[in-house]
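Asks: Can you read through this structure? Questions will come right after.
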Amino acid sequence: MRTNKRLVSCLALSLCFAGGSIGAFGQKKKQIQEQKPGFNLFSKEQDIQLGKESAAEIEKQVVVVNNPEVVQYLNMVGGKLAKSKRANEFPYFFKLVNDDSINAFALPGGPMYVHTGLIKAAETEGQLAGVLAHEMSHVALRHGTNQASKANLLQIPLALGGAMAGNGMLGQLTQLGIGLGANSVLMKFSRSAETQADYNGALMMGDAGYNPIEMARFFEKLEAQSGKSSKMAAFFASHPSPGNRVKATEELVTLMPKQNYSGDSGQFERIKAIVSGIPAAPKKELQQQQGSGQVTGTPAQSRPSGRTRDFRNAAVTMRYPDNWDVMGDPNANAITIAPKAAVAGSSISYGLIQSFYAPQNQTSINVQRDTQALIGQLQQGDPKMKVVQQNNTTIGGVKGLATVLQTGSGYPNETETDLLITAPHRDGLFYIVIVAPSSEWQTARTQFEDIIRSVQFVQR
Ligand SMILES: [Zn+2]
């Protein structure tokens with residue numbers, strides 16, 4: 001198969017899927033609305049792992065300056081912000097990039113890169129802290145992996161298992177178009193994510209003793225100049241302006257505890273002078289990473305052994321064949337269980353995937369409609385995929401749909417038959433899909449049915 005939450009207490013599903021943006025700027029609430037991460041198939045650990053892999057890749061492509069004074073300073077300012085509970089306890093670190101464009105960017109899980117151009121453009125430590133707090137809020141609120149999760153690609157669970165399959169998560173996501181490029185959903189944020197990052201960032205600034213209004217004023221100043229200078233183009237392309245930042249932040253500040261803003265270290269002018277003295281470096285071009293792989297062995301070698309192990313994640317418990325491997329993090333909301341030999345790049349030719357589909361702009365789950373949308377998504381990625389049969393079924397005691405699909409197989413001279421089971425769930429449309437060459441369904445049908453029958457939903 002060419003593979004591509006939290007409903008409780010949310011009145012409208014679409015608002016939850018929009019990233020938990022309820023109560024950010026724009027709604028005149030009389031109290032602070034704490035911002036929370038939205039729908040996400042990744043675990044926090046997977047955000048961190050993805051960030052590590054991405055950082056290694058980024059550092060091949062940018063010029064990192066190891067000036068100890070500046071780097072120590074950035075980590076001092078960022079470290080104060082990271083202590084805020086609104087930073088969501090990610091392992092943040094800060095590096096200086098020799099690049100005159102006015103930019104800074106954060107990777108999932110905490111790595112952050114600050115351009116020399118940003119420090120030169122800022123006038124105060126508070127302005128610099130404001131950009132860091134905004135970027136850190138994208139990390140804390142997990143916007144990158146939230147957007148990747150909402151892309152509804154069936155390959156996501158497989159990509160999340162990629163680290164185990166030896167290809168690395170980033171390599172797998174890159175094959176799906178979710179890599180590090182400027183237009184990647186990991187790096188390019190929606191306006192509602194921007195509003196949320198401003199709001200959360202302002203609260204973080206207050207927690208660290210900086211005046212939140214400095215962030216809003218600096219962004220508005222840069223926005224005003226962005227028509228005349230291309231130095232901010234990259235920042236505003238990936239962080240579209242939510243508009244009225246100063247007014248929105250002023251309103252928020254009236255809800256925050258009064259304070260004297262004593263966070264400034266008094267070192268900014270000296271650091272800015274050091275940065276201004278760093279000679280410019282030639283730019284490197286961003287390159288996409290390529291992953292690859294081939295299905296190995298025969299279908300018979302990947303056939304379920306008849307012996308099983310127990311699996312449990314936040315959503316389900318089930319049994320799976322002991323000759324298959326769990327790929328990914330059981331704390332995540334998506335998992336692939338398959339023999340390593342049957343996984344190649346972003347496709348799986350024998351095994352199972354369990355995950356959730358996030359219906360777009362819907363307020364509740366409708367199994368018939370949302371299964372249709374999921375199948376449409378699959379067919380977009382694999383035009384050869386056909387629906388052969390569809391029946392009502394139950395899974396874990398819940399009424400759902402069983403759909404049989406057929407397409408080409410990763411094994412030579414084989415077709416593939418997939419059994420897709422879908423059911424409503426508080427986290428979205430639950431699905432489990434068993435993938436195998438069509439010729440295997442005769443021999444292994446009983447084992448496949450045992451897997452499906454073993455599924456139980458975890459009660460929360
Ligand atoms: Zn942003």
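We label chains A, B, ... in the order they appear in the structure tokens, count residues from 1 in each chain, and number ligands from 1 in the order shown.
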So which residues touch Lys44 of chain A within 12 Å, counting only C-alpha atoms, skipping near sequence neighbours fewer than 6 positions away, as an MDAnalysis selection string?

Replies: chainID A and resid 37 50:51 88:91 108:110 139:146 160 329:333

Asks: Counting only C-alpha atoms and all ligand atoms, what are the residues, protein, DNA or RNA alike, that approach ligand 1 to within 8 Å? I want them as JSON, numbers by chain.

Replies: {"A": [134, 135, 138, 189, 193, 194, 197, 198, 238, 239, 240]}

Asks: How would the residues just picked look written out with N, CA and C atoms as a CSV table (one decimal), in the first residue's frame?

Replies:
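Written out: out_20.csv:
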```csv
chain,number,residue,atom,x,y,z
A,134,HIS,N,8.0,33.6,20.4
A,134,HIS,CA,7.0,33.3,19.3
A,134,HIS,C,7.4,31.9,18.7
A,135,GLU,N,8.7,31.8,18.3
A,135,GLU,CA,9.2,30.5,17.7
A,135,GLU,C,9.0,29.4,18.7
A,138,HIS,N,5.6,27.9,18.8
A,138,HIS,CA,5.3,26.9,17.7
A,138,HIS,C,5.7,25.5,18.2
A,189,PHE,N,3.5,28.1,8.8
A,189,PHE,CA,2.4,28.0,9.7
A,189,PHE,C,1.2,28.7,9.2
A,193,ALA,N,-2.3,29.5,13.7
A,193,ALA,CA,-1.1,29.1,14.4
A,193,ALA,C,-0.3,30.3,14.8
A,194,GLU,N,-0.2,31.3,13.9
A,194,GLU,CA,0.5,32.5,14.2
A,194,GLU,C,-0.2,33.3,15.4
A,197,ALA,N,0.7,31.4,18.5
A,197,ALA,CA,2.1,31.6,18.9
A,197,ALA,C,2.4,33.0,19.5
A,198,ASP,N,1.7,34.0,18.9
A,198,ASP,CA,1.8,35.3,19.5
A,198,ASP,C,1.2,35.4,20.9
A,238,SER,N,6.8,32.1,6.0
A,238,SER,CA,6.5,30.9,6.8
A,238,SER,C,5.7,31.3,8.1
A,239,HIS,N,5.6,32.6,8.4
A,239,HIS,CA,4.8,33.1,9.5
A,239,HIS,C,3.9,34.2,9.0
A,240,PRO,N,2.8,33.9,8.3
A,240,PRO,CA,1.9,34.9,7.8
A,240,PRO,C,1.4,35.8,8.9
```

Asks: State, in Å with one decimal place, the distance from atom CA of Leu96 of chain A to atom CA of Phe235 of chain A.

Replies: 16.0 Å

Asks: Report as a Markdown table the residues of segment 138-246 of chain A within 7 Å of segment 75-84 of chain A, each with its shortest atom pair and distance in Å (one decimal), using only C-alpha atoms, ordered by chain and increasing residue number.

Replies:
```
| residue | atom | partner | partner_atom | distance |
| --- | --- | --- | --- | --- |
| A:Met204 | CA | A:Ser84 | CA | 5.8 |
| A:Met205 | CA | A:Leu81 | CA | 6.6 |
| A:Asp207 | CA | A:Ser84 | CA | 5.9 |
| A:Ala208 | CA | A:Leu81 | CA | 5.4 |
```

Asks: Would you give me, as a PyMOL selection string, the residues in segment 122-234 of chain A that DSSP reads as alpha helix (DSSP H)?

Replies: chain A and resi 125-140+143-150+156-160+162-165+169-175+191-208+213-225+233-234

Asks: What's around Leu255 of chain A at 9 Å? Count only C-alpha atoms, leave out sequence neighbours fewer than 4 positions away in its own chain, and write the answer as a ChimeraX atom specification.

Replies: /A:30-32,251

Asks: Restricting the output to N, CA and C atoms, write the selected residues as an mmCIF file, in the first residue's frame.

Replies:
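New file result25.cif:
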```
data_model
loop_
_atom_site.group_PDB
_atom_site.id
_atom_site.type_symbol
_atom_site.label_atom_id
_atom_site.label_comp_id
_atom_site.auth_asym_id
_atom_site.auth_seq_id
_atom_site.Cartn_x
_atom_site.Cartn_y
_atom_site.Cartn_z
ATOM 1 N N LYS A 30 -12.491 37.536 29.297
ATOM 2 C CA LYS A 30 -12.037 38.374 30.398
ATOM 3 C C LYS A 30 -10.897 37.719 31.179
ATOM 4 N N GLN A 31 -10.472 36.550 30.762
ATOM 5 C CA GLN A 31 -9.345 35.958 31.459
ATOM 6 C C GLN A 31 -8.396 35.300 30.465
ATOM 7 N N ILE A 32 -7.192 34.989 30.943
ATOM 8 C CA ILE A 32 -6.184 34.381 30.069
ATOM 9 C C ILE A 32 -6.659 32.996 29.628
ATOM 10 N N GLU A 251 -4.313 44.056 24.652
ATOM 11 C CA GLU A 251 -5.503 43.514 25.325
ATOM 12 C C GLU A 251 -5.129 42.369 26.254
#
```

Asks: Using only C-alpha atoms, can you tell me which of A:Asn200, A:Gln354, A:Gln49, A:Thr254 comes closest to Ile156 of chain A?

Replies: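 Of A:Asn200, A:Gln354, A:Gln49, A:Thr254, the one nearest Ile156 of chain A is A:Gln354, counting only C-alpha atoms.
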
Asks: Which residue is closest to Gln196 of chain A? Choose from A:Glu53, A:Glu34, A:Glu250, A:Asp418 and count only C-alpha atoms.

Replies: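 Of A:Glu53, A:Glu34, A:Glu250, A:Asp418, the one nearest Gln196 of chain A, counting only C-alpha atoms, is A:Glu34.
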
Asks: Any idea what's packed within 7 Å of segment 313-322 of chain A, counting only C-alpha atoms, ignoring anything in its chain fewer than 3 positions away? Could you give it as a short mmCIF file (atom, residue, chain, number, x, y, z; two decimals) with all heavy atoms, in the first residue's frame?

Replies:
```cif
data_model
loop_
_atom_site.label_atom_id
_atom_site.label_comp_id
_atom_site.auth_asym_id
_atom_site.auth_seq_id
_atom_site.Cartn_x
_atom_site.Cartn_y
_atom_site.Cartn_z
N PRO A 304 2.16 -14.12 8.97
CA PRO A 304 2.06 -14.25 10.42
C PRO A 304 2.45 -15.65 10.89
O PRO A 304 2.05 -16.64 10.27
CB PRO A 304 0.58 -13.98 10.70
CG PRO A 304 0.12 -13.14 9.56
CD PRO A 304 0.91 -13.60 8.37
N SER A 305 3.22 -15.70 11.98
CA SER A 305 3.77 -16.97 12.46
C SER A 305 2.72 -17.88 13.09
O SER A 305 2.93 -19.08 13.21
CB SER A 305 4.84 -16.69 13.51
OG SER A 305 4.21 -16.05 14.61
N GLY A 306 1.58 -17.29 13.55
CA GLY A 306 0.61 -18.09 14.30
C GLY A 306 0.79 -17.89 15.80
O GLY A 306 -0.10 -18.18 16.58
N ARG A 307 1.95 -17.35 16.21
CA ARG A 307 2.13 -16.98 17.63
C ARG A 307 1.97 -15.46 17.73
O ARG A 307 2.31 -14.74 16.79
CB ARG A 307 3.54 -17.37 18.11
CG ARG A 307 3.79 -18.87 18.15
CD ARG A 307 5.23 -19.17 18.50
NE ARG A 307 6.17 -18.52 17.58
CZ ARG A 307 6.58 -19.05 16.41
NH1 ARG A 307 6.14 -20.25 16.05
NH2 ARG A 307 7.41 -18.41 15.63
N THR A 308 1.43 -14.99 18.87
CA THR A 308 1.16 -13.55 18.96
C THR A 308 1.78 -12.92 20.20
O THR A 308 2.15 -13.60 21.14
CB THR A 308 -0.36 -13.27 19.00
OG1 THR A 308 -0.92 -13.94 20.14
CG2 THR A 308 -1.05 -13.72 17.74
N ARG A 309 1.89 -11.60 20.12
CA ARG A 309 2.30 -10.77 21.27
C ARG A 309 1.21 -9.75 21.53
O ARG A 309 0.38 -9.48 20.65
CB ARG A 309 3.58 -10.00 20.95
CG ARG A 309 4.80 -10.85 20.81
CD ARG A 309 6.06 -10.00 21.04
NE ARG A 309 7.22 -10.87 20.96
CZ ARG A 309 8.08 -10.86 19.95
NH1 ARG A 309 7.94 -10.00 18.96
NH2 ARG A 309 9.09 -11.69 19.95
N ASP A 310 1.24 -9.14 22.73
CA ASP A 310 0.26 -8.12 23.07
C ASP A 310 0.81 -6.74 22.75
O ASP A 310 1.97 -6.47 22.99
CB ASP A 310 -0.09 -8.17 24.57
CG ASP A 310 -0.86 -9.43 24.90
OD1 ASP A 310 -1.65 -9.87 24.04
OD2 ASP A 310 -0.65 -9.99 26.00
N PRO A 330 4.80 3.68 20.97
CA PRO A 330 3.46 3.34 21.46
C PRO A 330 2.74 4.51 22.13
O PRO A 330 1.53 4.46 22.31
CB PRO A 330 3.72 2.22 22.49
CG PRO A 330 5.07 1.69 22.15
CD PRO A 330 5.85 2.84 21.56
N ASN A 331 3.47 5.60 22.48
CA ASN A 331 2.80 6.79 23.04
C ASN A 331 2.17 7.66 21.96
O ASN A 331 1.46 8.60 22.25
CB ASN A 331 3.78 7.65 23.83
CG ASN A 331 4.22 6.94 25.09
OD1 ASN A 331 3.43 6.27 25.73
ND2 ASN A 331 5.49 7.05 25.42
N ASN A 333 -0.19 8.36 18.45
CA ASN A 333 -1.54 7.99 18.10
C ASN A 333 -1.58 7.21 16.78
O ASN A 333 -2.62 7.08 16.17
CB ASN A 333 -2.41 9.24 17.99
CG ASN A 333 -3.63 9.12 18.88
OD1 ASN A 333 -3.97 8.03 19.32
ND2 ASN A 333 -4.30 10.23 19.13
N ILE A 451 -6.34 -10.94 14.43
CA ILE A 451 -5.81 -9.62 14.81
C ILE A 451 -6.98 -8.64 14.99
O ILE A 451 -7.08 -7.96 16.01
CB ILE A 451 -4.84 -9.07 13.72
CG1 ILE A 451 -3.59 -9.95 13.63
CG2 ILE A 451 -4.45 -7.62 14.03
CD1 ILE A 451 -2.70 -9.61 12.43
N SER A 454 -9.01 -9.19 18.02
CA SER A 454 -8.33 -8.92 19.30
C SER A 454 -8.37 -7.44 19.69
O SER A 454 -8.03 -7.08 20.81
CB SER A 454 -6.88 -9.38 19.22
OG SER A 454 -6.10 -8.47 18.44
N VAL A 455 -8.79 -6.57 18.74
CA VAL A 455 -8.73 -5.12 19.02
C VAL A 455 -9.76 -4.74 20.09
O VAL A 455 -10.94 -5.07 19.99
CB VAL A 455 -9.01 -4.30 17.73
CG1 VAL A 455 -9.19 -2.81 18.07
CG2 VAL A 455 -7.88 -4.50 16.72
N GLN A 456 -9.30 -4.07 21.13
CA GLN A 456 -10.18 -3.49 22.16
C GLN A 456 -9.81 -2.03 22.33
O GLN A 456 -8.63 -1.70 22.33
CB GLN A 456 -9.98 -4.21 23.51
CG GLN A 456 -10.38 -5.67 23.53
CD GLN A 456 -11.88 -5.89 23.34
OE1 GLN A 456 -12.69 -5.06 23.79
NE2 GLN A 456 -12.24 -6.95 22.65
N PHE A 457 -10.82 -1.17 22.46
CA PHE A 457 -10.52 0.25 22.67
C PHE A 457 -10.20 0.51 24.13
O PHE A 457 -10.88 -0.03 25.02
CB PHE A 457 -11.70 1.12 22.21
CG PHE A 457 -11.89 1.06 20.71
CD1 PHE A 457 -12.91 0.34 20.15
CD2 PHE A 457 -10.97 1.69 19.88
CE1 PHE A 457 -13.07 0.25 18.76
CE2 PHE A 457 -11.12 1.63 18.50
CZ PHE A 457 -12.16 0.90 17.94
N VAL A 458 -9.17 1.30 24.37
CA VAL A 458 -8.79 1.66 25.73
C VAL A 458 -9.76 2.71 26.24
O VAL A 458 -10.00 3.72 25.56
CB VAL A 458 -7.35 2.20 25.76
CG1 VAL A 458 -6.99 2.72 27.16
CG2 VAL A 458 -6.36 1.13 25.31
#
```

Asks: Give the answer as one residue: which of A:Gly201, A:Pro111, A:Gly206, A:Pro437 has the shortest atom-to-atom distance to Leu132 of chain A, using only C-alpha atoms?

Replies: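 Smallest separation from Leu132 of chain A among the options: A:Gly201.
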
Asks: Just the strand (DSSP E) stuff from segment 65-134 of chain A, please, per backbone DSSP, written as a list in words.

Replies: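 Selection result, strand (DSSP E) within segment 65-134 of chain A: Val65, Phe93, Phe94, Lys95, Leu96, Val97, Ala104, Phe105, Ala106, Pro111, Met112, Tyr113, Val114 and His115 of chain A.
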
Asks: Pick from A:Met327, A:Ala281, A:Ala151, A:Val70: nearest to Asn40 of chain A, with only C-alpha atoms counted?

Replies: A:Ala151

Asks: Between atom CA of Gly263 of chain A and atom CA of Asn211 of chain A, what is the distance, to one decimal in Å?

Replies: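 These atoms are spaced 8.6 Å apart.
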
Asks: Have a look at A:Ser265, A:Pro279, A:Ser192, A:Glu57 and name the one nearest to Gly243 of chain A; count only C-alpha atoms.

Replies: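 Among the listed residues, the smallest separation from Gly243 of chain A belongs to A:Ser192.
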
Asks: Which is closest to Phe219 of chain A among A:Val326, A:Leu128, A:Leu158, A:Ile432, if we use only C-alpha atoms?

Replies: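 Once distances to Phe219 of chain A are computed over only C-alpha atoms, the minimum belongs to A:Leu128.
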
Asks: Would you kindly return, as a list in words, each protein, DNA or RNA residue with an atom no farther than 10 Å from any atom of Gln389 of chain A, considering only C-alpha atoms and excluding same-chain residues fewer than 6 positions away?

Replies: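 Neighbouring residues, sequence-local ones excluded: Ala402, Thr403, Val404, Leu405, Gln406 and Leu419 of chain A.
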